[in-house]
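Contents: one structure, followed by commentary.
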Amino acid sequence: MKASYQKYLLEFKRPSGTSRGIMTEKETWFITLEENGKKGIGECGILRGLSADDRDDYEEKLQWACNNIHLGEKALWEALLEFPSIQFGIEMAFQSLKSENSYILFPSDFTTNKSSIAINGLVWMGESSFMKQQIEEKLADGFNCIKLKIGAIDFEKELELLQFIRSHFSPEEIEIRVDANGAFTSTEALDKLNQLKQFELHSIEQPIKNGNIKEMAQLCKVTPFPIALDEELIGVFSLEEKEKLLHEIKPQYIILKPSFIGGFRGTQEWISLADKYNIGWWITSALESNIGLNAIAQWTFLQNSKMPQGLGTGALYTNNIDCPLEVKNGKLWYNNSKGWGL
């Protein structure tokens with residue numbers, strides 16, 4: 001077996017805002033495996049400034065993984081514990097290699113276009129007029145679950161945007177999730193949650209910055225509506241650490257991004273613990289190309305979650321790889337009539 005890697009820069013169609021700033025491009029890395037005339041491909045979806053493996057020796061570790069591909073998937077996963085995006089790329093590449101079709105990693109009713117995955121419509125941060133435009137587009141596109149990133153513009157304007165949705169749609173018609181990306185301070189968080197309560201939100205992701213365990217635990221205890229942990233899970237590597245975190249904070253939900261938490265195996269560990277502690281969960285992509293999104297979507301379908309998942313279509317980029325994934329009426333489908341443009 002031979003392994004190689006390649007860097008690829010995904011270019012945003014328009015600058016995309018998060019609470020950590022504006023992004024114009026997103027770096028990703030592909031791992032290709034070759035054996036007996038077959039190829040497998042995986043994506044290491046690192047996000048600079050957020051991924052636990054955003055380190056100076058990242059490419060060096062990629063090279064090491066390729067040089068030691070003979071160790072096999074399990075041994076490499078364990079050796080790469082502090083490099084979750086590479087763990088995921090390796091997992092994906094091995095699954096792709098052993099599959100009959102390199103892009104059908106997990107055959108199901110999803111990959112035969114018989115069934116779909118309910119997803120939330122993501123509204124990016126920006127000026128209130130831009131956010132309102134996105135909201136109207138998502139509603140027109142048939143989404144009944146919308147996720148708004150908040151914390152980057154004036155809080156009063158964000159409340160107005162939520163009021164705009166609720167003045168037209170009840171909680172039964174449109175489920176609203178908000179993601180603060182840790183933008184609130186510990187002292188103001190509960191007050192802001194109480195102001196948000198009036199809009200009957202489904203949940204809020206990461207209201208305060210990750211790492212404030214005691215403050216987050218107290219917030220989850222007294223919150224007027226559910227809190228979901230997101231960044232809090234990043235950099236928590238061992239099963240023991242994962243269980244300790246959930247036991248201490250006791251969140252209502254956790255958000256699972258395979259590229260950030262060790263791929264399918266790492267995600268499954270979190271799911272098992274969440275089920276043990278009666279914590280809800282859903283799976284989210286993390287700005288991967290369509291290669292990574294394809295693998296995440298296929299695996300997610302097999303988890304049989306009835307909640308809307310956080311899976312896009314890679315439509316944010318000008319130079320993504322053409323693929324069969326498409327969104328119709330707020331659901332993700334695998335349209336077999338469309339091919340791959342790799």
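For the structure tokens, the naming scheme is as follows: chains receive sequential letters (A, B, ...) according to their order of presentation, residues are indexed from 1 within each chain, and ligands are indexed from 1 in presentation order.
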
_If you run DSSP on the backbone here, which positions in range 98-191 of chain A get helix (DSSP H, G or I)? Please write them as an MDAnalysis selection string._
chainID A and resid 98 128:140 155:168 189:191

Can I get the selection written as a CSV table (one decimal), in the first residue's frame, with N, CA, C and O atoms?
```csv
chain,number,residue,atom,x,y,z
A,98,LYS,N,-11.4,0.2,0.8
A,98,LYS,CA,-12.0,-1.1,0.9
A,98,LYS,C,-13.4,-1.2,0.4
A,98,LYS,O,-14.0,-2.3,0.3
A,128,SER,N,-27.0,43.0,9.8
A,128,SER,CA,-28.4,42.5,10.0
A,128,SER,C,-29.2,42.3,8.7
A,128,SER,O,-30.0,41.4,8.5
A,129,SER,N,-29.0,43.2,7.7
A,129,SER,CA,-29.7,43.1,6.5
A,129,SER,C,-29.3,41.8,5.7
A,129,SER,O,-30.1,41.1,5.1
A,130,PHE,N,-28.0,41.5,5.8
A,130,PHE,CA,-27.5,40.3,5.1
A,130,PHE,C,-28.0,39.0,5.8
A,130,PHE,O,-28.4,38.1,5.2
A,131,MET,N,-28.0,39.1,7.2
A,131,MET,CA,-28.6,37.9,7.9
A,131,MET,C,-30.1,37.8,7.6
A,131,MET,O,-30.5,36.6,7.5
A,132,LYS,N,-30.8,38.9,7.6
A,132,LYS,CA,-32.2,38.8,7.3
A,132,LYS,C,-32.5,38.2,5.9
A,132,LYS,O,-33.4,37.3,5.7
A,133,GLN,N,-31.6,38.6,4.9
A,133,GLN,CA,-31.7,38.0,3.6
A,133,GLN,C,-31.5,36.5,3.6
A,133,GLN,O,-32.3,35.8,2.9
A,134,GLN,N,-30.5,36.1,4.3
A,134,GLN,CA,-30.2,34.6,4.4
A,134,GLN,C,-31.4,33.9,5.1
A,134,GLN,O,-31.8,32.8,4.6
A,135,ILE,N,-32.0,34.5,6.1
A,135,ILE,CA,-33.1,33.9,6.8
A,135,ILE,C,-34.3,33.7,5.8
A,135,ILE,O,-34.9,32.6,5.8
A,136,GLU,N,-34.6,34.7,5.1
A,136,GLU,CA,-35.7,34.6,4.1
A,136,GLU,C,-35.4,33.6,3.1
A,136,GLU,O,-36.3,32.8,2.7
A,137,GLU,N,-34.2,33.4,2.6
A,137,GLU,CA,-33.8,32.4,1.6
A,137,GLU,C,-34.0,31.0,2.2
A,137,GLU,O,-34.5,30.1,1.5
A,138,LYS,N,-33.6,30.8,3.5
A,138,LYS,CA,-33.7,29.5,4.1
A,138,LYS,C,-35.1,29.1,4.2
A,138,LYS,O,-35.5,27.9,4.0
A,139,LEU,N,-35.9,30.0,4.7
A,139,LEU,CA,-37.4,29.7,4.8
A,139,LEU,C,-38.0,29.4,3.5
A,139,LEU,O,-38.8,28.5,3.4
A,140,ALA,N,-37.6,30.2,2.4
A,140,ALA,CA,-38.2,29.9,1.1
A,140,ALA,C,-37.7,28.6,0.5
A,140,ALA,O,-38.4,27.9,-0.2
A,155,PHE,N,-26.1,42.9,20.0
A,155,PHE,CA,-27.0,41.9,20.5
A,155,PHE,C,-28.5,42.3,20.3
A,155,PHE,O,-29.3,41.5,20.0
A,156,GLU,N,-28.7,43.6,20.4
A,156,GLU,CA,-30.1,44.1,20.2
A,156,GLU,C,-30.6,43.8,18.8
A,156,GLU,O,-31.7,43.4,18.5
A,157,LYS,N,-29.6,43.9,17.8
A,157,LYS,CA,-30.0,43.6,16.4
A,157,LYS,C,-30.2,42.1,16.2
A,157,LYS,O,-31.1,41.7,15.4
A,158,GLU,N,-29.5,41.3,17.0
A,158,GLU,CA,-29.7,39.9,16.9
A,158,GLU,C,-31.1,39.5,17.5
A,158,GLU,O,-31.8,38.6,16.9
A,159,LEU,N,-31.5,40.2,18.5
A,159,LEU,CA,-32.8,39.9,19.1
A,159,LEU,C,-33.9,40.3,18.1
A,159,LEU,O,-34.9,39.7,18.0
A,160,GLU,N,-33.6,41.4,17.3
A,160,GLU,CA,-34.6,41.8,16.3
A,160,GLU,C,-34.7,40.8,15.2
A,160,GLU,O,-35.8,40.6,14.7
A,161,LEU,N,-33.6,40.2,14.8
A,161,LEU,CA,-33.6,39.1,13.8
A,161,LEU,C,-34.5,37.9,14.3
A,161,LEU,O,-35.2,37.4,13.5
A,162,LEU,N,-34.3,37.6,15.5
A,162,LEU,CA,-35.0,36.5,16.1
A,162,LEU,C,-36.5,36.8,16.2
A,162,LEU,O,-37.4,36.0,15.9
A,163,GLN,N,-36.8,38.1,16.5
A,163,GLN,CA,-38.2,38.6,16.6
A,163,GLN,C,-38.8,38.5,15.2
A,163,GLN,O,-40.0,38.1,15.0
A,164,PHE,N,-38.0,38.8,14.2
A,164,PHE,CA,-38.5,38.8,12.8
A,164,PHE,C,-39.0,37.4,12.4
A,164,PHE,O,-40.0,37.2,11.8
A,165,ILE,N,-38.2,36.4,12.8
A,165,ILE,CA,-38.6,35.0,12.5
A,165,ILE,C,-39.8,34.6,13.3
A,165,ILE,O,-40.8,34.1,12.7
A,166,ARG,N,-39.8,34.9,14.6
A,166,ARG,CA,-40.9,34.5,15.4
A,166,ARG,C,-42.2,35.2,15.1
A,166,ARG,O,-43.3,34.7,15.4
A,167,SER,N,-42.1,36.4,14.5
A,167,SER,CA,-43.3,37.1,14.2
A,167,SER,C,-44.1,36.5,13.0
A,167,SER,O,-45.2,36.7,12.7
A,168,HIS,N,-43.3,35.7,12.2
A,168,HIS,CA,-43.9,35.0,11.1
A,168,HIS,C,-44.1,33.5,11.3
A,168,HIS,O,-44.9,32.9,10.6
A,189,ALA,N,-23.8,36.0,30.6
A,189,ALA,CA,-24.4,34.9,29.8
A,189,ALA,C,-25.8,34.6,30.3
A,189,ALA,O,-26.7,34.5,29.4
A,190,LEU,N,-26.1,34.5,31.6
A,190,LEU,CA,-27.4,34.1,32.0
A,190,LEU,C,-28.4,35.2,31.7
A,190,LEU,O,-29.6,34.9,31.3
A,191,ASP,N,-28.0,36.4,31.8
A,191,ASP,CA,-28.9,37.6,31.5
A,191,ASP,C,-29.3,37.5,30.0
A,191,ASP,O,-30.5,37.7,29.6
```

Between range 210-234 of chain A and range 264-278 of chain A, at 12 Å or less, what are the per-residue closest atom pairs and their distances in Å? Count only C-alpha atoms, order by chain and rising residue number, and return it as JSON lines.
```
{"residue": "A:Ala228", "atom": "CA", "partner": "A:Ala274", "partner_atom": "CA", "distance": 11.7}
{"residue": "A:Leu229", "atom": "CA", "partner": "A:Ala274", "partner_atom": "CA", "distance": 11.5}
{"residue": "A:Asp230", "atom": "CA", "partner": "A:Trp270", "partner_atom": "CA", "distance": 11.9}
{"residue": "A:Leu233", "atom": "CA", "partner": "A:Trp270", "partner_atom": "CA", "distance": 9.1}
{"residue": "A:Ile234", "atom": "CA", "partner": "A:Gly266", "partner_atom": "CA", "distance": 11.1}
```

*Exercise: Lys331 in chain A partners within 9 Å, only C-alpha atoms, chain neighbours under 3 positions left out, as a ChimeraX atom specification*: /A:116-120,142-143,308,326-328

Please report, as a tab-separated table, each residue of range 195-260 of chain A lying at most 12 Å from range 17-41 of chain A, together with the nearest pair of atoms and the separation in Å rounded to one decimal; use only C-alpha atoms, and order rows by chain and ascending residue number.
```
residue	atom	partner	partner_atom	distance
A:Gln206	CA	A:Ser19	CA	11.7
A:Pro207	CA	A:Ser19	CA	11.7
A:Ile208	CA	A:Ser19	CA	11.9
A:Lys209	CA	A:Ser19	CA	11.2
A:Ser259	CA	A:Thr28	CA	10.8
```

Please, could you write that set of residues out with N, CA and C atoms as a short mmCIF file (atom, residue, chain, number, x, y, z; two decimals), in the first residue's frame?
```cif
data_model
loop_
_atom_site.label_atom_id
_atom_site.label_comp_id
_atom_site.auth_asym_id
_atom_site.auth_seq_id
_atom_site.Cartn_x
_atom_site.Cartn_y
_atom_site.Cartn_z
N GLN A 206 -22.56 26.64 22.85
CA GLN A 206 -21.38 27.25 23.45
C GLN A 206 -21.58 28.73 23.81
N PRO A 207 -22.46 29.03 24.78
CA PRO A 207 -22.69 30.44 25.13
C PRO A 207 -21.45 31.14 25.67
N ILE A 208 -20.64 30.43 26.45
CA ILE A 208 -19.38 31.02 26.96
C ILE A 208 -18.19 30.24 26.42
N LYS A 209 -17.03 30.85 26.51
CA LYS A 209 -15.81 30.26 25.97
C LYS A 209 -15.52 28.91 26.61
N SER A 259 -14.36 15.86 12.18
CA SER A 259 -13.02 16.37 11.85
C SER A 259 -12.30 16.91 13.08
#
```

*Would you kindly return, as an NGL selection string, each protein, DNA or RNA residue with an atom no farther than 10 Å from any atom of Thr111 in chain A, considering only C-alpha atoms and excluding same-chain residues fewer than 6 positions away?*
:A and (103-105 or 294 or 297-298 or 301 or 324-325 or 333-336)

Those selected residues, please, written with N, CA and C atoms and delivered as a compact mmCIF listing (two decimals), in the first residue's frame.
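Result file is part_25.txt:
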```
# COMPACT_ATOMS: atom_id res chain seq x y z
N TYR A 103 -16.46 6.24 -3.38
CA TYR A 103 -17.23 7.34 -2.79
C TYR A 103 -18.45 6.85 -2.00
N ILE A 104 -18.77 5.57 -2.13
CA ILE A 104 -19.88 4.99 -1.34
C ILE A 104 -19.24 4.26 -0.17
N LEU A 105 -18.99 4.98 0.90
CA LEU A 105 -18.29 4.40 2.05
C LEU A 105 -19.21 3.57 2.93
N ASN A 294 -19.26 14.16 2.29
CA ASN A 294 -19.84 12.92 1.78
C ASN A 294 -19.71 11.79 2.80
N ALA A 297 -21.87 12.57 5.97
CA ALA A 297 -23.30 12.41 5.71
C ALA A 297 -23.69 10.93 5.67
N GLN A 298 -22.91 10.12 4.96
CA GLN A 298 -23.23 8.69 4.85
C GLN A 298 -23.20 8.00 6.22
N PHE A 301 -26.23 9.15 8.51
CA PHE A 301 -27.50 8.51 8.18
C PHE A 301 -27.66 7.20 8.95
N PRO A 324 -22.60 14.17 -5.73
CA PRO A 324 -24.04 13.91 -5.82
C PRO A 324 -24.88 14.53 -4.69
N LEU A 325 -24.26 15.12 -3.69
CA LEU A 325 -25.02 15.67 -2.58
C LEU A 325 -25.79 16.92 -3.00
N TRP A 333 -29.89 15.08 0.22
CA TRP A 333 -30.10 13.89 -0.61
C TRP A 333 -28.81 13.51 -1.33
N TYR A 334 -28.74 12.23 -1.72
CA TYR A 334 -27.61 11.74 -2.51
C TYR A 334 -28.15 11.40 -3.89
N ASN A 335 -28.00 12.33 -4.80
CA ASN A 335 -28.57 12.20 -6.14
C ASN A 335 -27.61 11.42 -7.05
N ASN A 336 -27.92 10.14 -7.28
CA ASN A 336 -27.02 9.27 -8.04
C ASN A 336 -26.86 9.65 -9.50
```

*So how many Å separate CA of Asp56 in chain A and CA of Phe83 in chain A, to one decimal?*
11.9 Å

*Go through A:Glu288, A:Glu232, A:Glu59, A:Glu248 one by one, measure the shortest atom-to-atom distance of each to Gly182 in chain A using only C-alpha atoms, and give the residue with the smallest value.*
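Closest to Gly182 in chain A, using only C-alpha atoms: A:Glu232.
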
_In range 20-131 of chain A, DSSP strand (DSSP E or B) residues written as number ranges by chain_ = A: 21-35, 38-44, 117-119, 121-123, 125

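With only C-alpha atoms taken into account, the protein and nucleic acid residues at most 9 Å from Ile321 in chain A (excluding it and anything under 5 positions from it in its own chain) are Ser289, Asn290, Ile291, Gly314, Trp340, Gly341 and Leu342 of chain A.
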
*Find the residues near Tyr253 in chain A: any atom within 6 Å, counting only C-alpha atoms, skip ones fewer than 4 places away on the same chain, and give them as a list in words.*
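Listed by chain and then number, they are Ala228, Ile279, Gly280 and Trp281 of chain A.
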
*asked:* Just the number, please: distance in Å from CA of Lys250 in chain A to CA of Leu50 in chain A, one decimal.
replied: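 Separating CA of Lys250 in chain A from CA of Leu50 in chain A is a distance of 23.1 Å.
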
*Give the answer as one residue: which of A:Ser51, A:Lys306, A:Tyr58, A:Ser337 has the shortest atom-to-atom distance to Lys7 in chain A, using only C-alpha atoms?*
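When distances to Lys7 in chain A are compared using only C-alpha atoms, the smallest one comes from A:Tyr58.
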
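Comparing A:Lys197, A:Arg48, A:Lys2, A:Arg14 by their smallest distance to Gln63 in chain A, the closest is A:Lys2 (using only C-alpha atoms).
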
Quick one: residues within 10 Å of Ala65 in chain A, only C-alpha atoms counted, chain neighbours fewer than 6 positions away excluded, as a short mmCIF file (atom, residue, chain, number, x, y, z; two decimals) with N, CA, C and O atoms, in the first residue's frame?
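Okay, part_29.cif is ready:
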```
data_model
loop_
_atom_site.label_atom_id
_atom_site.label_comp_id
_atom_site.auth_asym_id
_atom_site.auth_seq_id
_atom_site.Cartn_x
_atom_site.Cartn_y
_atom_site.Cartn_z
N ALA A 3 0.77 5.59 0.29
CA ALA A 3 -0.05 6.71 0.78
C ALA A 3 0.63 8.02 0.44
O ALA A 3 1.86 8.13 0.51
N SER A 4 -0.16 9.00 0.08
CA SER A 4 0.37 10.33 -0.21
C SER A 4 -0.64 11.37 0.28
O SER A 4 -1.80 11.06 0.52
N TYR A 5 -0.18 12.61 0.43
CA TYR A 5 -1.08 13.67 0.85
C TYR A 5 -0.92 14.89 -0.02
O TYR A 5 0.10 15.07 -0.69
N ILE A 31 -5.70 12.77 1.80
CA ILE A 31 -4.83 11.60 1.87
C ILE A 31 -5.33 10.59 0.85
O ILE A 31 -6.52 10.28 0.81
N GLU A 59 1.94 19.16 9.10
CA GLU A 59 2.32 18.51 7.84
C GLU A 59 3.34 17.40 8.09
O GLU A 59 3.31 16.36 7.42
N LEU A 71 1.13 0.33 9.21
CA LEU A 71 0.71 0.00 10.58
C LEU A 71 -0.78 -0.33 10.65
O LEU A 71 -1.22 -1.02 11.57
N GLY A 72 -1.54 0.16 9.68
CA GLY A 72 -2.97 -0.13 9.64
C GLY A 72 -3.80 0.94 10.34
O GLY A 72 -3.30 1.75 11.13
N LEU A 76 -2.76 3.42 13.62
CA LEU A 76 -2.55 4.81 13.26
C LEU A 76 -3.51 5.73 14.02
O LEU A 76 -3.12 6.80 14.49
N TRP A 77 -4.76 5.31 14.16
CA TRP A 77 -5.74 6.12 14.89
C TRP A 77 -5.25 6.37 16.32
O TRP A 77 -5.31 7.49 16.83
N ALA A 79 -2.15 6.18 17.42
CA ALA A 79 -0.90 6.96 17.43
C ALA A 79 -1.15 8.44 17.14
O ALA A 79 -0.32 9.29 17.47
N LEU A 80 -2.30 8.74 16.52
CA LEU A 80 -2.60 10.11 16.09
C LEU A 80 -3.64 10.78 17.00
O LEU A 80 -4.36 11.67 16.58
N ILE A 86 -6.42 14.31 11.22
CA ILE A 86 -5.66 13.28 10.49
C ILE A 86 -6.24 11.90 10.80
O ILE A 86 -6.34 11.04 9.91
N GLN A 87 -6.65 11.68 12.04
CA GLN A 87 -7.33 10.42 12.38
C GLN A 87 -8.51 10.21 11.44
O GLN A 87 -8.71 9.11 10.90
N ILE A 90 -7.46 9.47 7.76
CA ILE A 90 -6.97 8.08 7.64
C ILE A 90 -8.15 7.10 7.65
O ILE A 90 -8.24 6.19 6.81
#
```
